[in-house]
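Some notes on the structure that comes next.
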Amino acid sequence: MRKYLNWKTWFAFAAICIVSATLYYTHRLAVQLAEEETKNMMQFVEGMRISAHTTDPLASEYILSILEQNTKIPMILTDEEDNILSKTNLDTILLAKDTNYLHQCLADFKSQHEPLIIDYGFGQQRVYYGDSYLLKQLKYFPYIQLTIITLFLMVVLFALQAAHRSLQNQVWVGLSKETAHQLGTPLSSIDAWLEILKEDPSNQDALFEMQKDLDRLKLVADRFSKVGSTPQMEEENLMPRIRNMVQYMQKRAASKIHFEVETNEEEIPVYISGALFDWVLENLLRNALDALNGEGEIHIRVFNQTHNVHIDVSDTGKGIPPHQVKKIFKPGFTTKKRGWGLGLSLSKRIIEKYHHGSLFVKSSEPGKGTTFRIIIRR
């Protein structure tokens with residue numbers, strides 16, 4: 001349960017509790033106001049009944065003053081046949097414009113409340129009444145409140161995610177720039193020592209391999225230096241770059257691991273940053289090698305389409321559990337004993353931000369393998 005009980009869960013739970021309590025309280029107020037209005041109408045009906053029988057002028061004046069206090073509750077007075085005798089607190093503008101407005105109000109009042117009967121002894125009248133404007137507002141207020149709270153929570157969550165993402169970007173860029181800077185000084189020193197060693201012909205074989213490793217380190221430093229800045233995009237054929245990276249990784253893989261590259265075309269021109277794209281491909285291949293544990297197959301399939309190029313990197317390794325698929329691109333998430341969990345996160349950033357493409361898990365099944373897909377726009 002711990003993986004579900006994070007700050008977002010508690011935040012959502014607290015928000016739901018607050019909204020629920022507010023809605024309940026507002027509903028109770030609406031119910032109480034509706035009961036109060038019903039009591040007022042019953043007093044109004046009783047007053048009309050008494051006023052019809054009393055002969056005391058003071059009592060009649062007092063009852064009339066009570067009846068005149070109803071300035072909020074809309075009502076319609078009818079006879080026993082529901083013929084309209086009088087109306088009170090209705091919209092005078094609509095009464096003047098719409099001839100059906102009065103009968104529509106009568107139908108609405110009938111659906112809202114049972115009529116109150118005024119029994120005069122010699123005949124009856126009916127009072128139909130509706131909700132006051134205040135009661136209508138109070139009934140609709142919870143829905144308006146819920147909408148406002150929902151919009152507010154969405155804005156807050158979006159702002160928190162944006163701030164969190166911005167902080168992550170700053171950490172990535174700062175870490176990358178600092179790494180490139182720290183590598184720069186020893187690389188320059190090693191380069192100088194290699195020039196000195198070249199003066200002795202007996203060192204040529206070792207120097208050749210050392211030079212390759214030095215060039216590789218320079219490439220790594222160059223990759224880190226490009227994070228956070230806009231890379232130079234150049235048009236080049238994608239397939240040679242993919243084959244070179246596969247060849248490089250194959251030399252460093254176990255002998256029981258088989259690599260295979262498939263494509264529907266050999267000439268696939270795309271605009272990419274070569275160094276950064278190699279970094280992405282290298283990360284995917286390294287993850288595939290880690291998943292194989294020294295034995296299995298890695299397939300790279302390239303499909304050149306009208307508007308996009310699809311690059312699928314598949315392995316026959318241990319696969320990714322379903323509950324981890326959505327987490328693997330998050331910074332800091334890793335299933336390895338060593339590592340910072342930044343490889344896939346940086347790879348996704350490189351493809352989406354710089355190459356305007358996408359990187360995602362196309363499929364994965366525990367015990368059978370995983371396929372990552374890169375989509376590069378033509």
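Residue numbering restarts at 1 in every chain; chains get A, B, ... in the order shown in the structure tokens, and ligands count up from 1 in that same order.
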Sorted by chain and rising residue number, list the residues of range 110-213 of chain A at most 7 Å from range 12-30 of chain A (counting only C-alpha atoms), each with its closest atom pair and distance in Å to one decimal, as CSV.
```
residue,atom,partner,partner_atom,distance
A:Leu135,CA,A:Ala30,CA,6.4
A:Leu138,CA,A:Ala30,CA,5.9
A:Lys139,CA,A:Ala30,CA,6.2
A:Pro142,CA,A:Leu23,CA,5.7
```
Selected residues written out with N, CA and C atoms, as a short mmCIF file (atom, residue, chain, number, x, y, z; two decimals), in the first residue's frame:
```cif
data_model
loop_
_atom_site.label_atom_id
_atom_site.label_comp_id
_atom_site.auth_asym_id
_atom_site.auth_seq_id
_atom_site.Cartn_x
_atom_site.Cartn_y
_atom_site.Cartn_z
N LEU A 135 -33.24 30.44 -2.05
CA LEU A 135 -33.18 28.98 -1.95
C LEU A 135 -32.63 28.36 -3.23
N LEU A 138 -28.96 28.73 -3.17
CA LEU A 138 -28.35 27.83 -2.21
C LEU A 138 -28.32 26.40 -2.74
N LYS A 139 -29.31 26.02 -3.54
CA LYS A 139 -29.32 24.68 -4.11
C LYS A 139 -28.26 24.52 -5.20
N PRO A 142 -23.65 24.46 -4.30
CA PRO A 142 -22.69 23.36 -4.19
C PRO A 142 -22.06 22.96 -5.52
#
```
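CA of Glu297 in chain A is found 8.5 Å from CA of Lys256 in chain A.
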message = Just checking: using only C-alpha atoms, which residue out of A:Gln247, A:Pro231, A:Leu33, A:Asn237 ends up closest to Lys136 in chain A?
response = A:Leu33
Closest pair table for range 188-256 of chain A residues within 12 Å of range 355-363 of chain A, only C-alpha atoms, as JSON lines:
```
{"residue": "A:Thr230", "atom": "CA", "partner": "A:His355", "partner_atom": "CA", "distance": 10.5}
{"residue": "A:Pro231", "atom": "CA", "partner": "A:His355", "partner_atom": "CA", "distance": 9.6}
{"residue": "A:Gln232", "atom": "CA", "partner": "A:His355", "partner_atom": "CA", "distance": 10.6}
{"residue": "A:Met233", "atom": "CA", "partner": "A:His355", "partner_atom": "CA", "distance": 8.4}
{"residue": "A:Glu234", "atom": "CA", "partner": "A:His355", "partner_atom": "CA", "distance": 11.0}
{"residue": "A:Glu235", "atom": "CA", "partner": "A:His355", "partner_atom": "CA", "distance": 12.0}
```
ask   = Which polymer residues have any atom within 12 Å of an atom of Thr371 in chain A, counting only C-alpha atoms, with same-chain residues fewer than 6 positions away left out, as an NGL selection string?
value = :A and (284-285 or 287-288 or 291 or 297-301 or 310-320 or 325 or 359-365)
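The spacing separating CA of Thr370 in chain A from CA of Glu262 in chain A amounts to 17.0 Å.
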request  = Fewer than 2 positions away in the same chain doesn't count, so skip those; otherwise give me all residues within 12 Å of Arg243 in chain A, counting only C-alpha atoms, as a PyMOL selection string.
outcome  = chain A and resi 237-241+245-250+259-263+266+278+281-282+299-302
Would you save the residues of that selection, restricted to N, CA and C atoms, as a tab-separated table (two decimals), in the first residue's frame?
```tsv
chain	number	residue	atom	x	y	z
A	237	ASN	N	22.28	9.92	-42.61
A	237	ASN	CA	21.65	8.61	-42.77
A	237	ASN	C	21.65	7.91	-41.42
A	238	LEU	N	20.49	7.46	-41.01
A	238	LEU	CA	20.33	6.89	-39.67
A	238	LEU	C	20.98	5.52	-39.53
A	239	MET	N	20.94	4.71	-40.58
A	239	MET	CA	21.36	3.32	-40.46
A	239	MET	C	22.84	3.14	-40.10
A	240	PRO	N	23.79	3.87	-40.75
A	240	PRO	CA	25.20	3.70	-40.35
A	240	PRO	C	25.44	4.02	-38.88
A	241	ARG	N	24.74	5.03	-38.36
A	241	ARG	CA	24.93	5.40	-36.95
A	241	ARG	C	24.42	4.28	-36.04
A	245	MET	N	26.79	1.89	-33.52
A	245	MET	CA	26.54	1.77	-32.09
A	245	MET	C	26.33	0.30	-31.71
A	246	VAL	N	25.62	-0.46	-32.55
A	246	VAL	CA	25.42	-1.88	-32.28
A	246	VAL	C	26.77	-2.61	-32.29
A	247	GLN	N	27.62	-2.26	-33.25
A	247	GLN	CA	28.94	-2.89	-33.32
A	247	GLN	C	29.77	-2.57	-32.07
A	248	TYR	N	29.68	-1.33	-31.62
A	248	TYR	CA	30.41	-0.92	-30.42
A	248	TYR	C	29.93	-1.70	-29.19
A	249	MET	N	28.62	-1.84	-29.04
A	249	MET	CA	28.08	-2.53	-27.89
A	249	MET	C	28.30	-4.04	-27.97
A	250	GLN	N	28.32	-4.57	-29.19
A	250	GLN	CA	28.50	-6.02	-29.35
A	250	GLN	C	29.89	-6.46	-28.89
A	259	PHE	N	23.12	-10.01	-31.52
A	259	PHE	CA	22.53	-8.75	-31.98
A	259	PHE	C	22.04	-8.93	-33.42
A	260	GLU	N	20.91	-8.29	-33.72
A	260	GLU	CA	20.38	-8.33	-35.08
A	260	GLU	C	19.74	-6.99	-35.42
A	261	VAL	N	20.09	-6.46	-36.59
A	261	VAL	CA	19.55	-5.19	-37.07
A	261	VAL	C	18.72	-5.46	-38.32
A	262	GLU	N	17.47	-4.99	-38.32
A	262	GLU	CA	16.58	-5.16	-39.46
A	262	GLU	C	16.05	-3.79	-39.89
A	263	THR	N	15.87	-3.59	-41.19
A	263	THR	CA	15.34	-2.34	-41.70
A	263	THR	C	14.64	-2.56	-43.03
A	266	GLU	N	17.78	1.09	-46.43
A	266	GLU	CA	19.14	1.36	-45.95
A	266	GLU	C	19.43	2.85	-45.92
A	278	ASP	N	23.16	8.88	-30.21
A	278	ASP	CA	23.96	7.73	-29.81
A	278	ASP	C	23.81	7.43	-28.32
A	281	LEU	N	20.51	5.59	-27.82
A	281	LEU	CA	20.60	4.21	-28.29
A	281	LEU	C	21.49	3.37	-27.38
A	282	GLU	N	22.56	3.97	-26.92
A	282	GLU	CA	23.46	3.25	-26.01
A	282	GLU	C	22.76	2.92	-24.69
A	299	HIS	N	17.23	-7.28	-30.71
A	299	HIS	CA	16.83	-6.97	-32.09
A	299	HIS	C	16.58	-5.47	-32.20
A	300	ILE	N	17.17	-4.87	-33.22
A	300	ILE	CA	16.91	-3.46	-33.54
A	300	ILE	C	16.22	-3.43	-34.89
A	301	ARG	N	14.98	-3.00	-34.89
A	301	ARG	CA	14.19	-2.95	-36.13
A	301	ARG	C	13.87	-1.50	-36.45
A	302	VAL	N	14.20	-1.11	-37.70
A	302	VAL	CA	14.02	0.28	-38.14
A	302	VAL	C	13.01	0.28	-39.28
```
task = Just the residues within 6 Å of Thr78 in chain A, please, counting only C-alpha atoms, with nothing from its chain fewer than 2 positions along; format it as a list of chain:residue names.
result =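 With the cut-off at 6 Å, the set is A:Asp82, A:Asn83, A:Ile84, A:Leu85, A:Gln125, A:Arg126.
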Preceding selection exported with N, CA and C atoms as a JSON list (two decimals), in the first residue's frame:
```json
[["chain", "number", "residue", "atom", "x", "y", "z"],
["A", 82, "ASP", "N", -58.34, 25.07, -10.40],
["A", 82, "ASP", "CA", -56.99, 25.53, -10.77],
["A", 82, "ASP", "C", -57.02, 26.70, -11.75],
["A", 83, "ASN", "N", -58.09, 27.47, -11.71],
["A", 83, "ASN", "CA", -58.11, 28.71, -12.46],
["A", 83, "ASN", "C", -57.35, 29.77, -11.66],
["A", 84, "ILE", "N", -56.43, 30.43, -12.30],
["A", 84, "ILE", "CA", -55.55, 31.37, -11.61],
["A", 84, "ILE", "C", -56.33, 32.61, -11.19],
["A", 85, "LEU", "N", -56.25, 32.92, -9.87],
["A", 85, "LEU", "CA", -56.92, 34.09, -9.32],
["A", 85, "LEU", "C", -55.96, 35.26, -9.10],
["A", 125, "GLN", "N", -59.73, 27.39, -1.89],
["A", 125, "GLN", "CA", -58.74, 27.92, -2.83],
["A", 125, "GLN", "C", -57.42, 27.18, -2.61],
["A", 126, "ARG", "N", -56.58, 27.21, -3.62],
["A", 126, "ARG", "CA", -55.31, 26.50, -3.54],
["A", 126, "ARG", "C", -54.16, 27.48, -3.72]]
```
request  = Calculate how many Å separate CA of Ala221 in chain A from CA of Ala192 in chain A, rounding to one decimal.
outcome  =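 It comes out at 17.1 Å.
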inquiry  = I need the residues in range 4-218 of chain A that are helix (DSSP H, G or I) according to DSSP; give them as an NGL selection string.
reply    = :A and (7-53 or 57-68 or 92-97 or 101-112 or 133-197 or 201-218)
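The smallest atom-to-atom distance between Glu80 in chain A and any of A:Met41, A:Ile149, A:Ile144, A:Ile117, using only C-alpha atoms, is found for A:Ile117.
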DSSP-assigned strand (DSSP E) members of range 171-342 of chain A, reported as a VMD selection string = chain A and resid 234 to 237 257 to 263 269 to 272 296 to 304 308 to 315
request  = With a distance cut-off of 12 Å and only C-alpha atoms, select the neighbouring residues of range 205-208 of chain A, excluding the residue or stretch itself and same-chain residues fewer than 4 positions from it, and output the selection as a list of chain:residue names.
outcome  =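 Surrounding residues, per the criterion: A:Ile190, A:Asp191, A:Trp193, A:Leu194, A:Glu195, A:Ile196, A:Leu197, A:Lys198, A:Glu199, A:Asp200, A:Pro201, A:Lys212, A:Asp213, A:Leu214, A:Asp215.
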